[in-house]
>>> print(open('query.tsv').read())   # TSV, C-alpha atoms and all ligand atoms
chain	number	residue	atom	x	y	z
H	1	MET	CA	-7.50	-19.46	9.81
H	2	ASP	CA	-4.83	-17.54	11.73
H	3	ILE	CA	-1.61	-17.55	9.70
H	4	SER	CA	0.15	-14.74	11.59
H	5	ASP	CA	2.94	-17.16	12.61
H	6	LEU	CA	3.53	-17.87	8.92
H	7	VAL	CA	3.71	-14.31	7.58
H	8	ARG	CA	6.91	-12.28	8.04
H	9	PRO	CA	6.47	-9.64	10.77
H	10	ALA	CA	7.51	-6.94	8.28
H	11	VAL	CA	4.55	-7.87	6.08
H	12	LEU	CA	2.13	-8.11	9.01
H	13	GLY	CA	3.09	-4.55	9.97
H	14	LEU	CA	2.59	-3.05	6.50
H	15	PRO	CA	-0.24	-0.52	6.23
H	16	PRO	CA	-2.46	-1.21	3.17
H	17	TYR	CA	-2.02	1.15	0.22
H	18	VAL	CA	-5.08	3.39	-0.13
H	19	PRO	CA	-5.74	3.96	-3.85
H	20	GLY	CA	-8.24	6.40	-5.34
H	21	LYS	CA	-11.64	4.71	-5.72
H	22	PRO	CA	-12.04	3.18	-9.22
H	23	ILE	CA	-14.77	4.64	-11.46
H	24	GLU	CA	-16.34	1.22	-12.14
H	25	GLU	CA	-16.63	0.51	-8.40
H	26	VAL	CA	-18.38	3.83	-7.72
H	27	GLU	CA	-20.81	3.32	-10.64
H	28	ARG	CA	-21.56	-0.24	-9.52
H	29	GLU	CA	-22.08	0.71	-5.88
H	30	LEU	CA	-24.26	3.75	-6.61
H	31	GLY	CA	-26.02	2.33	-9.68
H	32	ILE	CA	-25.00	5.42	-11.70
H	33	LYS	CA	-23.26	6.08	-15.02
H	34	GLY	CA	-20.84	8.80	-16.08
H	35	ALA	CA	-18.81	9.03	-12.85
H	36	ILE	CA	-15.50	10.87	-13.17
H	37	LYS	CA	-12.30	10.49	-11.24
H	38	MET	CA	-10.15	13.41	-10.16
H	39	ALA	CA	-8.46	11.37	-7.44
H	40	SER	CA	-5.37	9.58	-8.70
H	41	ASN	CA	-3.40	12.23	-10.57
H	42	GLU	CA	-4.04	10.58	-13.91
H	43	ASN	CA	-3.94	12.41	-17.23
H	44	PRO	CA	-7.47	13.18	-18.49
H	45	LEU	CA	-6.17	13.46	-22.08
H	46	GLY	CA	-5.16	9.79	-21.99
H	47	PRO	CA	-2.22	8.50	-24.02
H	48	SER	CA	-1.31	9.94	-27.41
H	49	PRO	CA	-2.95	8.18	-30.42
H	50	ALA	CA	0.58	7.10	-31.42
H	51	VAL	CA	0.83	5.16	-28.16
H	52	ILE	CA	-2.46	3.38	-28.85
H	53	GLU	CA	-1.23	2.46	-32.34
H	54	ALA	CA	2.06	1.16	-30.93
H	55	ILE	CA	0.19	-1.03	-28.43
H	56	ALA	CA	-2.01	-2.44	-31.20
H	57	ALA	CA	1.05	-3.14	-33.34
H	58	ALA	CA	2.81	-4.91	-30.44
H	59	ALA	CA	-0.26	-6.95	-29.38
H	60	PRO	CA	0.27	-9.84	-31.86
H	61	LYS	CA	3.67	-10.45	-30.20
H	62	ALA	CA	1.99	-11.08	-26.83
H	63	ALA	CA	2.95	-14.77	-26.97
H	64	LEU	CA	6.65	-13.90	-26.82
H	65	TYR	CA	8.56	-12.76	-23.75
H	66	PRO	CA	9.47	-9.07	-23.93
H	67	ASP	CA	13.04	-7.82	-24.34
H	68	ALA	CA	14.45	-8.31	-20.83
H	69	ASN	CA	16.81	-5.38	-21.35
H	70	ALA	CA	14.21	-3.04	-22.89
H	71	PHE	CA	16.88	-2.13	-25.47
H	72	TYR	CA	14.85	0.18	-27.72
H	73	LEU	CA	13.07	1.87	-24.83
H	74	ARG	CA	16.31	2.56	-22.96
H	75	LYS	CA	17.89	3.77	-26.23
H	76	ALA	CA	14.99	6.18	-26.79
H	77	LEU	CA	15.19	7.36	-23.18
H	78	SER	CA	18.95	7.74	-23.46
H	79	GLU	CA	18.53	10.06	-26.47
H	80	HIS	CA	15.68	11.91	-24.79
H	81	LEU	CA	17.58	12.50	-21.54
H	82	GLY	CA	21.12	12.85	-22.86
H	83	VAL	CA	22.56	10.09	-20.66
H	84	GLN	CA	23.98	6.69	-21.61
H	85	PRO	CA	21.63	3.66	-21.57
H	86	GLU	CA	23.78	2.21	-18.75
H	87	SER	CA	22.46	5.03	-16.55
H	88	ILE	CA	18.82	3.97	-17.02
H	89	LEU	CA	16.71	1.22	-15.46
H	90	THR	CA	13.08	0.80	-16.52
H	91	GLY	CA	10.43	-0.75	-14.29
H	92	ASN	CA	6.83	-1.88	-14.05
H	93	GLY	CA	5.85	1.59	-12.87
H	94	LEU	CA	7.82	3.53	-10.28
H	95	ASP	CA	6.30	1.26	-7.65
H	96	ASP	CA	8.45	-1.53	-9.08
H	97	VAL	CA	11.53	0.70	-9.26
H	98	LEU	CA	11.05	1.70	-5.61
H	99	ARG	CA	10.90	-1.94	-4.60
H	100	ILE	CA	14.06	-2.66	-6.62
H	101	ILE	CA	15.82	0.19	-4.77
H	102	ALA	CA	14.81	-1.29	-1.39
H	103	GLU	CA	15.89	-4.81	-2.35
H	104	THR	CA	19.19	-3.62	-3.82
H	105	PHE	CA	20.34	-1.25	-1.11
H	106	PHE	CA	18.50	-1.55	2.22
H	107	ARG	CA	19.60	-3.85	5.04
H	108	PRO	CA	17.46	-4.79	8.05
H	109	GLY	CA	17.54	-1.96	10.59
H	110	ASP	CA	18.68	0.71	8.10
H	111	GLU	CA	17.03	4.06	8.63
H	112	ILE	CA	15.38	5.59	5.59
H	113	VAL	CA	14.32	9.20	5.91
H	114	VAL	CA	10.98	9.88	4.21
H	115	PRO	CA	8.98	13.09	3.92
H	116	ASP	CA	5.60	13.28	5.62
H	117	PRO	CA	3.05	13.75	4.19
H	118	ALA	CA	4.28	12.02	1.04
H	119	PHE	CA	3.70	9.08	-1.26
H	120	SER	CA	3.31	6.10	1.08
H	121	VAL	CA	5.24	3.58	-1.02
H	122	TYR	CA	8.65	4.95	0.07
H	123	ALA	CA	8.03	3.81	3.64
H	124	SER	CA	6.31	0.56	2.68
H	125	VAL	CA	9.05	-0.74	0.35
H	126	GLY	CA	11.53	-0.02	3.13
H	127	MET	CA	9.43	-1.79	5.74
H	128	LEU	CA	9.16	-4.82	3.45
H	129	VAL	CA	12.91	-5.38	3.75
H	130	ASP	CA	12.97	-4.53	7.48
H	131	ALA	CA	14.37	-1.03	7.06
H	132	LYS	CA	13.03	1.62	9.42
H	133	PRO	CA	11.21	4.64	7.96
H	134	ILE	CA	11.96	7.89	9.78
H	135	ARG	CA	9.05	10.16	8.87
H	136	VAL	CA	9.87	13.84	8.80
H	137	ARG	CA	6.75	15.93	9.10
H	138	GLY	CA	8.64	19.06	8.14
H	139	ARG	CA	8.66	22.31	10.00
H	140	LYS	CA	6.21	23.87	7.60
H	141	GLY	CA	3.91	20.84	7.93
H	142	LEU	CA	4.07	20.40	4.16
H	143	GLY	CA	6.28	17.38	3.61
H	144	ASN	CA	9.50	17.85	1.69
H	145	ASP	CA	11.35	20.14	4.12
H	146	PRO	CA	15.01	19.60	3.16
H	147	ASP	CA	16.46	21.16	6.32
H	148	ALA	CA	14.38	18.92	8.58
H	149	MET	CA	15.18	15.88	6.41
H	150	ARG	CA	18.91	16.58	6.65
H	151	ASP	CA	18.65	17.00	10.41
H	152	ALA	CA	17.01	13.56	10.62
H	153	VAL	CA	20.05	11.85	9.05
H	154	THR	CA	22.09	9.79	11.53
H	155	GLY	CA	24.95	7.31	11.28
H	156	GLY	CA	22.30	4.63	10.64
H	157	THR	CA	20.70	6.36	7.64
H	158	ARG	CA	20.93	4.45	4.36
H	159	ALA	CA	18.73	6.64	2.18
H	160	VAL	CA	16.73	9.84	2.02
H	161	PHE	CA	13.64	10.18	-0.20
H	162	LEU	CA	12.55	13.47	-1.64
H	163	CYS	CA	9.52	14.03	-3.85
H	164	ASN	CA	9.62	17.12	-6.05
H	165	PRO	CA	6.94	18.40	-6.51
H	166	ASN	CA	5.59	16.59	-3.48
H	167	ASN	CA	2.51	14.39	-3.40
H	168	PRO	CA	-0.02	15.26	-1.86
H	169	THR	CA	0.99	18.89	-1.27
H	170	GLY	CA	2.16	19.94	-4.77
H	171	THR	CA	4.84	22.06	-3.07
H	172	PHE	CA	8.42	22.09	-4.37
H	173	VAL	CA	12.01	22.53	-3.30
H	174	GLY	CA	13.77	25.27	-5.29
H	175	ARG	CA	17.10	25.07	-7.10
H	176	ALA	CA	19.41	26.57	-4.48
H	177	GLU	CA	17.73	24.71	-1.63
H	178	MET	CA	18.01	21.42	-3.52
H	179	ARG	CA	21.71	21.93	-4.20
H	180	ALA	CA	22.39	22.88	-0.59
H	181	PHE	CA	20.48	19.80	0.57
H	182	LEU	CA	22.39	17.42	-1.72
H	183	ASP	CA	25.73	18.98	-0.83
H	184	ALA	CA	25.09	18.86	2.92
H	185	LEU	CA	24.24	15.15	3.12
H	186	PRO	CA	26.99	12.70	4.03
H	187	PRO	CA	28.25	11.30	0.67
H	188	ARG	CA	27.57	7.69	1.78
H	189	VAL	CA	23.80	8.35	1.96
H	190	LEU	CA	21.67	7.41	-1.06
H	191	VAL	CA	19.24	10.09	-2.24
H	192	VAL	CA	16.09	9.03	-4.08
H	193	LEU	CA	14.56	11.99	-5.89
H	194	ASP	CA	11.05	11.22	-7.14
H	195	GLU	CA	10.04	13.51	-10.02
H	196	ALA	CA	6.79	11.76	-10.95
H	197	TYR	CA	5.15	15.20	-11.39
H	198	ALA	CA	8.13	17.32	-12.46
H	199	ASP	CA	6.89	17.66	-16.06
H	200	PHE	CA	3.99	19.79	-14.82
H	201	ALA	CA	6.16	22.31	-12.97
H	202	GLU	CA	6.24	25.84	-14.35
H	203	ASP	CA	8.04	27.83	-11.65
H	204	PRO	CA	11.38	29.05	-13.09
H	205	ASP	CA	13.04	28.07	-9.79
H	206	PHE	CA	12.02	24.41	-10.19
H	207	PRO	CA	15.24	22.34	-10.36
H	208	GLN	CA	15.68	19.50	-12.86
H	209	GLY	CA	17.02	16.49	-10.95
H	210	LEU	CA	18.63	15.27	-14.16
H	211	ASP	CA	21.13	18.15	-13.99
H	212	PHE	CA	22.31	16.92	-10.59
H	213	VAL	CA	22.65	13.32	-11.85
H	214	LYS	CA	24.63	14.56	-14.86
H	215	GLU	CA	27.08	16.41	-12.63
H	216	GLY	CA	28.19	12.92	-11.60
H	217	GLY	CA	29.77	11.56	-8.46
H	218	ARG	CA	26.57	11.54	-6.42
H	219	ARG	CA	24.68	8.64	-4.86
H	220	LEU	CA	21.51	10.04	-6.39
H	221	ILE	CA	18.69	8.14	-8.10
H	222	LEU	CA	16.22	10.18	-10.13
H	223	LEU	CA	12.76	8.66	-10.68
H	224	ARG	CA	10.41	9.47	-13.54
H	225	THR	CA	7.19	7.86	-14.76
H	226	PHE	CA	5.09	7.56	-17.93
H	227	SER	CA	1.93	7.33	-15.77
H	228	LYS	CA	1.29	11.06	-15.47
H	229	ILE	CA	2.52	13.32	-18.26
H	230	HIS	CA	2.21	10.56	-20.91
H	231	GLY	CA	-1.20	9.34	-19.67
H	232	MET	CA	-0.06	5.71	-19.42
H	233	ALA	CA	-0.81	4.71	-15.81
H	234	ALA	CA	-2.43	1.38	-16.78
H	235	LEU	CA	0.66	0.30	-18.71
H	236	ARG	CA	2.94	0.54	-15.66
H	237	LEU	CA	6.13	2.17	-16.88
H	238	GLY	CA	8.63	4.18	-14.89
H	239	TYR	CA	12.41	4.56	-14.80
H	240	ALA	CA	15.43	5.44	-12.72
H	241	VAL	CA	18.43	7.50	-13.84
H	242	ALA	CA	21.68	7.32	-11.89
H	243	GLU	CA	25.40	6.62	-12.16
H	244	PRO	CA	25.99	3.34	-14.07
H	245	ASP	CA	27.35	1.54	-10.97
H	246	ILE	CA	24.12	2.23	-9.09
H	247	ILE	CA	21.93	1.18	-12.04
H	248	SER	CA	23.93	-1.97	-12.67
H	249	ALA	CA	23.40	-3.13	-9.06
H	250	MET	CA	19.66	-2.48	-9.44
H	251	HIS	CA	19.51	-4.54	-12.66
H	252	LYS	CA	20.74	-7.54	-10.67
H	253	ALA	CA	17.84	-7.25	-8.22
H	254	ARG	CA	14.97	-6.69	-10.68
H	255	ASP	CA	12.66	-9.30	-12.17
H	256	PRO	CA	14.09	-10.46	-15.51
H	257	PHE	CA	11.06	-9.34	-17.57
H	258	ASN	CA	9.86	-6.48	-15.40
H	259	VAL	CA	8.59	-4.27	-18.25
H	260	ASN	CA	5.98	-5.88	-20.50
H	261	GLY	CA	6.22	-5.69	-24.29
H	262	LEU	CA	3.22	-3.40	-24.78
H	263	ALA	CA	4.62	-0.88	-22.31
H	264	GLN	CA	8.05	-0.97	-24.00
H	265	ALA	CA	6.52	-0.22	-27.42
H	266	ALA	CA	4.22	2.42	-25.94
H	267	GLY	CA	7.10	4.13	-24.13
H	268	VAL	CA	9.11	4.52	-27.35
H	269	ALA	CA	6.05	5.91	-29.14
H	270	ALA	CA	5.29	8.36	-26.30
H	271	LEU	CA	8.80	9.80	-26.39
H	272	GLY	CA	8.30	10.54	-30.09
H	273	ARG	CA	5.25	12.72	-29.39
H	274	PRO	CA	6.45	15.89	-27.63
H	275	GLU	CA	3.30	17.70	-28.79
H	276	HIS	CA	1.14	15.41	-26.62
H	277	VAL	CA	3.36	16.17	-23.65
H	278	GLU	CA	2.93	19.89	-24.36
H	279	SER	CA	-0.87	19.53	-24.55
H	280	SER	CA	-0.89	17.69	-21.20
H	281	ARG	CA	1.25	20.40	-19.67
H	282	GLU	CA	-0.97	23.16	-21.06
H	283	LEU	CA	-4.11	21.49	-19.75
H	284	VAL	CA	-2.61	21.29	-16.26
H	285	ARG	CA	-1.38	24.87	-16.32
H	286	ALA	CA	-4.80	26.11	-17.40
H	287	GLY	CA	-6.41	23.93	-14.70
H	288	ARG	CA	-4.07	25.41	-12.11
H	289	ARG	CA	-5.01	28.99	-13.02
H	290	ARG	CA	-8.71	28.10	-13.01
H	291	PHE	CA	-8.49	26.39	-9.60
H	292	TYR	CA	-6.63	29.30	-8.02
H	293	ALA	CA	-9.24	31.77	-9.30
H	294	GLU	CA	-12.30	29.70	-8.32
H	295	LEU	CA	-10.93	28.69	-4.91
H	296	ASP	CA	-10.08	32.33	-4.16
H	297	ARG	CA	-13.61	33.30	-5.17
H	298	LEU	CA	-15.13	30.62	-2.91
H	299	GLY	CA	-12.75	31.47	-0.06
H	300	VAL	CA	-11.33	27.93	0.12
H	301	GLY	CA	-7.70	27.57	1.26
H	302	TYR	CA	-5.16	25.72	-0.91
H	303	LEU	CA	-1.46	25.24	-1.42
H	304	PRO	CA	0.08	26.68	-4.60
H	305	THR	CA	1.03	23.64	-6.66
H	306	GLN	CA	3.58	22.65	-9.29
H	307	ALA	CA	1.88	19.29	-9.92
H	308	ASN	CA	-1.26	18.16	-11.80
H	309	PHE	CA	-3.26	18.23	-8.57
H	310	ILE	CA	-4.03	20.63	-5.75
H	311	LEU	CA	-4.49	20.21	-2.00
H	312	ILE	CA	-7.44	22.18	-0.66
H	313	ASP	CA	-8.10	22.82	3.02
H	314	LEU	CA	-11.74	22.90	4.15
H	315	LYS	CA	-10.69	23.66	7.76
H	316	ARG	CA	-13.05	20.90	8.99
H	317	ASP	CA	-13.27	17.15	8.40
H	318	SER	CA	-13.29	16.74	4.62
H	319	ARG	CA	-15.04	13.35	4.63
H	320	PRO	CA	-18.62	14.72	4.38
H	321	MET	CA	-17.62	16.78	1.31
H	322	TYR	CA	-15.81	13.77	-0.19
H	323	GLU	CA	-18.86	11.54	0.34
H	324	PHE	CA	-21.24	14.17	-1.02
H	325	MET	CA	-19.17	14.43	-4.22
H	326	LEU	CA	-18.89	10.66	-4.46
H	327	ARG	CA	-22.67	10.24	-4.27
H	328	ARG	CA	-22.89	12.69	-7.17
H	329	GLY	CA	-20.41	10.65	-9.23
H	330	LEU	CA	-17.24	12.71	-8.69
H	331	ILE	CA	-14.30	10.93	-7.09
H	332	VAL	CA	-11.70	13.09	-5.33
H	333	ARG	CA	-9.04	11.99	-2.84
H	334	PRO	CA	-9.56	12.44	0.89
H	335	THR	CA	-6.19	12.85	2.59
H	336	HIS	CA	-6.87	11.29	5.99
H	337	SER	CA	-4.29	8.58	5.27
H	338	PHE	CA	-1.69	11.36	4.80
H	339	GLY	CA	-2.56	12.79	8.23
H	340	LEU	CA	-4.49	15.69	6.64
H	341	PRO	CA	-8.11	15.06	7.70
H	342	ASP	CA	-9.34	18.53	6.73
H	343	CYS	CA	-8.03	18.39	3.17
H	344	LEU	CA	-8.92	16.96	-0.22
H	345	ARG	CA	-6.55	16.36	-3.13
H	346	ILE	CA	-8.04	17.04	-6.53
H	347	THR	CA	-6.45	16.16	-9.87
H	348	PHE	CA	-6.97	18.81	-12.55
H	349	GLY	CA	-9.40	17.53	-15.16
H	350	LEU	CA	-10.72	18.55	-18.54
H	351	PRO	CA	-12.45	21.97	-18.42
H	352	GLU	CA	-15.93	20.38	-18.16
H	353	GLN	CA	-14.74	18.07	-15.35
H	354	ASN	CA	-13.34	21.08	-13.49
H	355	ASP	CA	-16.75	22.79	-14.00
H	356	ARG	CA	-18.45	19.80	-12.40
H	357	PHE	CA	-16.07	19.88	-9.46
H	358	PHE	CA	-16.66	23.57	-8.81
H	359	ALA	CA	-20.44	23.25	-9.12
H	360	LEU	CA	-20.40	20.47	-6.50
H	361	LEU	CA	-17.92	22.28	-4.26
H	362	ALA	CA	-20.11	25.41	-4.25
H	363	GLU	CA	-23.20	23.29	-3.54
H	364	GLY	CA	-21.43	21.39	-0.75
H	365	LEU	CA	-20.15	24.59	0.86
H	366	GLU	CA	-23.62	26.09	0.63
H	367	ALA	CA	-24.95	23.02	2.46
H	368	GLY	CA	-22.37	23.60	5.22
H	369	LEU	CA	-20.13	20.62	4.36
D	1	LIG	C1	5.03	10.66	-5.99
D	1	LIG	C2	4.71	9.42	-6.74
D	1	LIG	N1	5.71	8.59	-7.06
D	1	LIG	C3	5.47	7.46	-7.73
D	1	LIG	C4	4.19	7.10	-8.11
D	1	LIG	C5	3.97	5.79	-8.78
D	1	LIG	O1	4.09	5.92	-10.15
D	1	LIG	P1	3.89	4.70	-11.12
D	1	LIG	O2	2.53	4.83	-11.69
D	1	LIG	O3	4.98	4.90	-12.14
D	1	LIG	O4	4.07	3.43	-10.33
D	1	LIG	C6	3.12	7.93	-7.81
D	1	LIG	C7	1.76	7.55	-8.20
D	1	LIG	O5	0.79	8.17	-7.96
D	1	LIG	C8	3.40	9.12	-7.08
D	1	LIG	O6	2.41	9.94	-6.72
>>> encode(input="query.tsv", output="structure tokens")
Amino acid sequence: MDISDLVRPAVLGLPPYVPGKPIEEVERELGIKGAIKMASNENPLGPSPAVIEAIAAAAPKAALYPDANAFYLRKALSEHLGVQPESILTGNGLDDVLRIIAETFFRPGDEIVVPDPAFSVYASVGMLVDAKPIRVRGRKGLGNDPDAMRDAVTGGTRAVFLCNPNNPTGTFVGRAEMRAFLDALPPRVLVVLDEAYADFAEDPDFPQGLDFVKEGGRRLILLRTFSKIHGMAALRLGYAVAEPDIISAMHKARDPFNVNGLAQAAGVAALGRPEHVESSRELVRAGRRRFYAELDRLGVGYLPTQANFILIDLKRDSRPMYEFMLRRGLIVRPTHSFGLPDCLRITFGLPEQNDRFFALLAEGLEAGL
């Protein structure tokens, strides 16, 4: 049945989101067990035991609607971040928050400047409301190039997205460059600063977006998620921090019960466990050092990263290597959909998972892949 006359043109034109391949699917398709995934920038430590306890304690209340205002979660976040609860909006993952931003602020025909390569959802939420993504490849070819992004701003620009550190490159914009970028934009333009991976950054020049929000007076929305550092991707919990006027407009556009009760309880518990955050950070930092050393030894190119993943460059189509690893039960992320056909993005794993990756990489390189 052809229903193309029924579907809105904006939806017809949307590219499908390409997720990392699920473990269960790979095991089913290959008839294997023990596959591992280093493809979706998840946290191999999982959530803290306190989070699992909080979910179990909240489960009997599953018959009741959750708190529509996520009072306790926003209170805990408010104390954690040092901003008032009126400056915080929680969502069903950052994907939900991004959609709320589009539905609250974008009009048909608005230009939204997005980095390229970058997380594809910025462009797709814009396209859904008939805004026009202006993709900025960046002079260095690495995504988040603030100068090129600023140059792409016109009188028709509604918003600019920046991802720091950037996905899939892991590269970052430093403190002075970030301030210059924010200060140089026309004040009417909304800036969406996605810090999904900021907790993993260790470079002393990495800027905290929260400091810029706290300075006040900016049309700046900071995005953070519990999916990565807190190991809670399945629960779907992310949040925005901005001036109360901006947040209050977004509250009007969100679904009334957009954060489920288990995620609310889990979020409060996660914020009370800084030691789990530190362990996650340590694991990533150790993984980073290991990857640099092994990749140097194998002569494989990569971009220095501030995130929990690394982009490697095989200097030839990466699909054969991806498929070879997949057949051996290791899922990594090919980056063809980001316009990087020679690269693979690998999430740092537990030490034994990293061992498995390097054994397969060496074997694949040896075989000429
Ligand atoms: C840069 C970036 N922003 C946002 C998200 C979405 O996060 P969430 O799981 O909170 O929806 C991701 C997920 O991978 C991401 O890479």
>>> residues_near_ligand(input="query.tsv", ligand="ligand LIG 1 (chain D)", cutoff="7 Å", atoms="all atoms listed in the file", output="ChimeraX atom specification")
/H:40-41,93-96,119,163,166-167,194,196,225-227,233,236-238
>>> residues_around(input="query.tsv", residues="Leu314 (chain H)", least_positions_apart="5", cutoff="10 Å", atoms="only C-alpha atoms", output="compact mmCIF listing (two decimals) with C-alpha atoms, in the frame of the given file")
# COMPACT_ATOMS: atom_id res chain seq x y z
CA GLY H 299 -12.75 31.47 -0.06
CA VAL H 300 -11.33 27.93 0.12
CA GLY H 301 -7.70 27.57 1.26
CA TYR H 302 -5.16 25.72 -0.91
CA MET H 321 -17.62 16.78 1.31
CA PRO H 341 -8.11 15.06 7.70
CA ASP H 342 -9.34 18.53 6.73
CA CYS H 343 -8.03 18.39 3.17
CA LEU H 344 -8.92 16.96 -0.22
CA LEU H 365 -20.15 24.59 0.86
CA LEU H 369 -20.13 20.62 4.36
>>> closest_residue(input="query.tsv", among="H:Gly155, H:Gly364, H:Pro117, H:Gly209", to="Met178 (chain H)", atoms="all atoms listed in the file")
H:Gly209
>>> closest_residue(input="query.tsv", among="H:Tyr17, H:Phe309, H:Phe357, H:Phe212", to="Thr171 (chain H)", atoms="only C-alpha atoms")
H:Phe309
>>> closest_residue(input="query.tsv", among="H:Leu350, H:Gly368, H:Arg107, H:Phe358", to="Arg316 (chain H)", atoms="all atoms listed in the file")
H:Gly368
>>> residues_around(input="query.tsv", residues="Ala266 (chain H)", least_positions_apart="2", cutoff="8 Å", atoms="all atoms listed in the file", output="PyMOL selection string")
chain H and resi 51-52+54-55+262-264+268-270
>>> atom_distance(input="query.tsv", atom1="CA of Val277 (chain H)", atom2="CA of Gly231 (chain H)")
9.1 Å
>>> closest_residue(input="query.tsv", among="H:Asn69, H:Arg345, H:Gly339, H:Ala359", to="Gly20 (chain H)", atoms="all atoms listed in the file")
H:Arg345
>>> atom_distance(input="query.tsv", atom1="CA of Val160 (chain H)", atom2="CA of Glu202 (chain H)")
25.2 Å
>>> residues_around(input="query.tsv", residues="Glu352 (chain H)", least_positions_apart="4", cutoff="12 Å", atoms="all atoms listed in the file", output="list in words")
Ile36, Pro44, Leu283, Gly287, Arg290, Phe348, Arg356, Phe357, Phe358 and Ala359 of chain H
>>> atom_distance(input="query.tsv", atom1="CA of Val189 (chain H)", atom2="CA of Asp110 (chain H)")
11.1 Å
>>> residues_around(input="query.tsv", residues="Val121 (chain H)", least_positions_apart="3", cutoff="12 Å", atoms="all atoms listed in the file", output="VMD selection string")
chain H and resid 14 to 19 94 to 99 101 to 102 114 to 118 124 to 128 133 161 163 167 194 338
>>> residues_around(input="query.tsv", residues="Ile32 (chain H)", least_positions_apart="2", cutoff="12 Å", atoms="all atoms listed in the file", output="PyMOL selection string")
chain H and resi 23-30+34-36+326-330
>>> closest_residue(input="query.tsv", among="H:Asp205, H:Glu363, H:Glu53, H:Glu42", to="Thr347 (chain H)", atoms="only C-alpha atoms")
H:Glu42
>>> build_atoms(input="query.tsv", residues="region 140-151 of chain H", atoms="N, CA and C atoms", output="PDB file, in the frame of the given file")
ATOM      1  N   LYS H 140       7.333  23.106   8.149  1.00  0.00           N
ATOM      2  CA  LYS H 140       6.210  23.870   7.600  1.00  0.00           C
ATOM      3  C   LYS H 140       4.959  23.005   7.518  1.00  0.00           C
ATOM      4  N   GLY H 141       5.058  21.751   7.961  1.00  0.00           N
ATOM      5  CA  GLY H 141       3.910  20.840   7.930  1.00  0.00           C
ATOM      6  C   GLY H 141       3.519  20.440   6.514  1.00  0.00           C
ATOM      7  N   LEU H 142       4.421  20.611   5.568  1.00  0.00           N
ATOM      8  CA  LEU H 142       4.070  20.400   4.160  1.00  0.00           C
ATOM      9  C   LEU H 142       4.848  19.267   3.502  1.00  0.00           C
ATOM     10  N   GLY H 143       5.456  18.391   4.274  1.00  0.00           N
ATOM     11  CA  GLY H 143       6.280  17.380   3.610  1.00  0.00           C
ATOM     12  C   GLY H 143       7.594  17.977   3.244  1.00  0.00           C
ATOM     13  N   ASN H 144       8.124  17.543   2.111  1.00  0.00           N
ATOM     14  CA  ASN H 144       9.500  17.850   1.690  1.00  0.00           C
ATOM     15  C   ASN H 144      10.166  19.127   2.248  1.00  0.00           C
ATOM     16  N   ASP H 145      10.622  19.043   3.470  1.00  0.00           N
ATOM     17  CA  ASP H 145      11.350  20.140   4.120  1.00  0.00           C
ATOM     18  C   ASP H 145      12.811  19.691   4.206  1.00  0.00           C
ATOM     19  N   PRO H 146      13.651  20.137   3.251  1.00  0.00           N
ATOM     20  CA  PRO H 146      15.010  19.600   3.160  1.00  0.00           C
ATOM     21  C   PRO H 146      15.832  19.786   4.432  1.00  0.00           C
ATOM     22  N   ASP H 147      15.664  20.927   5.105  1.00  0.00           N
ATOM     23  CA  ASP H 147      16.460  21.160   6.320  1.00  0.00           C
ATOM     24  C   ASP H 147      16.116  20.117   7.379  1.00  0.00           C
ATOM     25  N   ALA H 148      14.809  19.896   7.568  1.00  0.00           N
ATOM     26  CA  ALA H 148      14.380  18.920   8.580  1.00  0.00           C
ATOM     27  C   ALA H 148      14.801  17.509   8.187  1.00  0.00           C
ATOM     28  N   MET H 149      14.778  17.223   6.891  1.00  0.00           N
ATOM     29  CA  MET H 149      15.180  15.880   6.410  1.00  0.00           C
ATOM     30  C   MET H 149      16.679  15.671   6.704  1.00  0.00           C
ATOM     31  N   ARG H 150      17.460  16.698   6.417  1.00  0.00           N
ATOM     32  CA  ARG H 150      18.910  16.580   6.650  1.00  0.00           C
ATOM     33  C   ARG H 150      19.181  16.411   8.145  1.00  0.00           C
ATOM     34  N   ASP H 151      18.448  17.125   8.964  1.00  0.00           N
ATOM     35  CA  ASP H 151      18.650  17.000  10.410  1.00  0.00           C
ATOM     36  C   ASP H 151      18.278  15.617  10.922  1.00  0.00           C
TER      37      ASP H 151
END
